[in-house]
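These notes are about the structure you will find just below.
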Amino acid sequence: MATLKENIAAYEAMQNDLELDYFGKWVVFHNEKMVGNYETSQEAAEEAIALISQGPCLVRRVGAPPLTLPPYVPYRTLNAND
């Protein structure tokens, strides 16, 4: 099972080709492989949710800079209230 850092590295290794073929689309990486490309973030998120039980996924819009949240943005997991 690949870590998130390994999925990011796999994306970065393919970034130039992805920008040629999928610029503006959303991609999902799982186990260091691209598992799909999607027109919307919703479609990509649905694929990632289906895979998340098998390990971390990376969802990224090709050509967009990585999203960096400031440290003061609250974060909670899906099951935080359980």
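Following the order of the structure tokens, chains are lettered A, B, ..., residues in each are numbered from 1, and ligands are numbered from 1.
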Enumerate as a list in words all residues of range 30-76 of chain A assigned to strand (DSSP E) by DSSP on the backbone, naming them with the chain letters and numbers the document uses.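 Assigned to strand (DSSP E), within range 30-76 of chain A: His30, Lys33, Met34, Val35, Gly36, Asn37, Tyr38, Cys57, Leu58, Val59, Arg60 and Arg61 of chain A.
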Among chain A, which residues carry a DSSP assignment of alpha helix (DSSP H), reported as a PyMOL selection string? chain A and resi 4-22+41-51
Restrict the selected residues to N, CA and C atoms and save them as a compact mmCIF listing (two decimals), in the first residue's frame.
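Saved file selection00.txt follows:
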# COMPACT_ATOMS: atom_id res chain seq x y z
N LEU A 4 0.61 8.55 0.99
CA LEU A 4 0.23 9.75 0.26
C LEU A 4 1.46 10.37 -0.40
N LYS A 5 2.59 10.39 0.31
CA LYS A 5 3.82 10.96 -0.26
C LYS A 5 4.23 10.20 -1.52
N GLU A 6 4.07 8.89 -1.52
CA GLU A 6 4.42 8.10 -2.70
C GLU A 6 3.47 8.38 -3.86
N ASN A 7 2.18 8.60 -3.55
CA ASN A 7 1.23 8.97 -4.60
C ASN A 7 1.55 10.35 -5.18
N ILE A 8 1.95 11.26 -4.32
CA ILE A 8 2.35 12.60 -4.79
C ILE A 8 3.58 12.48 -5.69
N ALA A 9 4.55 11.68 -5.28
CA ALA A 9 5.76 11.49 -6.09
C ALA A 9 5.42 10.87 -7.44
N ALA A 10 4.48 9.94 -7.47
CA ALA A 10 4.06 9.32 -8.74
C ALA A 10 3.41 10.36 -9.64
N TYR A 11 2.57 11.22 -9.05
CA TYR A 11 1.95 12.31 -9.83
C TYR A 11 3.03 13.24 -10.39
N GLU A 12 3.95 13.64 -9.55
CA GLU A 12 5.00 14.57 -9.98
C GLU A 12 5.88 13.96 -11.06
N ALA A 13 6.12 12.66 -11.00
CA ALA A 13 6.92 12.00 -12.03
C ALA A 13 6.21 12.01 -13.38
N MET A 14 4.90 12.02 -13.36
CA MET A 14 4.11 12.01 -14.60
C MET A 14 3.58 13.38 -14.98
N GLN A 15 3.86 14.38 -14.19
CA GLN A 15 3.23 15.69 -14.33
C GLN A 15 3.31 16.28 -15.73
N ASN A 16 4.46 16.24 -16.37
CA ASN A 16 4.58 16.83 -17.71
C ASN A 16 3.64 16.15 -18.71
N ASP A 17 3.60 14.82 -18.69
CA ASP A 17 2.71 14.09 -19.59
C ASP A 17 1.24 14.33 -19.24
N LEU A 18 0.94 14.39 -17.96
CA LEU A 18 -0.43 14.66 -17.54
C LEU A 18 -0.90 16.03 -18.03
N GLU A 19 -0.01 17.02 -17.95
CA GLU A 19 -0.38 18.36 -18.40
C GLU A 19 -0.61 18.42 -19.90
N LEU A 20 0.07 17.58 -20.65
CA LEU A 20 -0.17 17.51 -22.10
C LEU A 20 -1.50 16.83 -22.42
N ASP A 21 -1.81 15.78 -21.69
CA ASP A 21 -2.97 14.95 -22.03
C ASP A 21 -4.24 15.27 -21.25
N TYR A 22 -4.10 15.78 -20.03
CA TYR A 22 -5.27 15.92 -19.15
C TYR A 22 -5.37 17.30 -18.49
N SER A 41 -14.45 17.67 -9.92
CA SER A 41 -13.88 17.25 -8.64
C SER A 41 -14.80 16.25 -7.95
N GLN A 42 -16.10 16.38 -8.15
CA GLN A 42 -17.06 15.46 -7.55
C GLN A 42 -16.83 14.04 -8.04
N GLU A 43 -16.65 13.87 -9.34
CA GLU A 43 -16.40 12.54 -9.90
C GLU A 43 -15.10 11.95 -9.33
N ALA A 44 -14.07 12.78 -9.26
CA ALA A 44 -12.78 12.32 -8.72
C ALA A 44 -12.91 11.95 -7.25
N ALA A 45 -13.64 12.75 -6.50
CA ALA A 45 -13.82 12.48 -5.07
C ALA A 45 -14.58 11.17 -4.87
N GLU A 46 -15.58 10.91 -5.69
CA GLU A 46 -16.33 9.66 -5.57
C GLU A 46 -15.42 8.45 -5.81
N GLU A 47 -14.52 8.55 -6.78
CA GLU A 47 -13.57 7.46 -7.03
C GLU A 47 -12.63 7.29 -5.84
N ALA A 48 -12.13 8.40 -5.31
CA ALA A 48 -11.21 8.34 -4.17
C ALA A 48 -11.91 7.74 -2.95
N ILE A 49 -13.15 8.10 -2.72
CA ILE A 49 -13.90 7.55 -1.58
C ILE A 49 -14.05 6.04 -1.73
N ALA A 50 -14.29 5.58 -2.95
CA ALA A 50 -14.43 4.14 -3.19
C ALA A 50 -13.13 3.39 -2.91
N LEU A 51 -12.00 4.06 -3.08
CA LEU A 51 -10.69 3.42 -2.91
C LEU A 51 -10.07 3.63 -1.54
Write out as a short mmCIF file (atom, residue, chain, number, x, y, z; two decimals) with N, CA, C and O atoms, in the first residue's frame the residues lying within 6 Å of His30 in chain A, counting only C-alpha atoms and excluding same-chain residues fewer than 2 positions away.
data_model
loop_
_atom_site.label_atom_id
_atom_site.label_comp_id
_atom_site.auth_asym_id
_atom_site.auth_seq_id
_atom_site.Cartn_x
_atom_site.Cartn_y
_atom_site.Cartn_z
N GLU A 32 0.39 4.51 -6.25
CA GLU A 32 1.39 5.08 -7.16
C GLU A 32 1.01 4.96 -8.63
O GLU A 32 1.86 5.04 -9.51
N LYS A 33 -0.28 4.80 -8.93
CA LYS A 33 -0.75 4.73 -10.31
C LYS A 33 -1.96 5.63 -10.48
O LYS A 33 -2.78 5.77 -9.56
N CYS A 57 -5.34 8.07 -1.16
CA CYS A 57 -5.45 8.48 -2.57
C CYS A 57 -5.05 9.94 -2.68
O CYS A 57 -5.21 10.72 -1.74
#
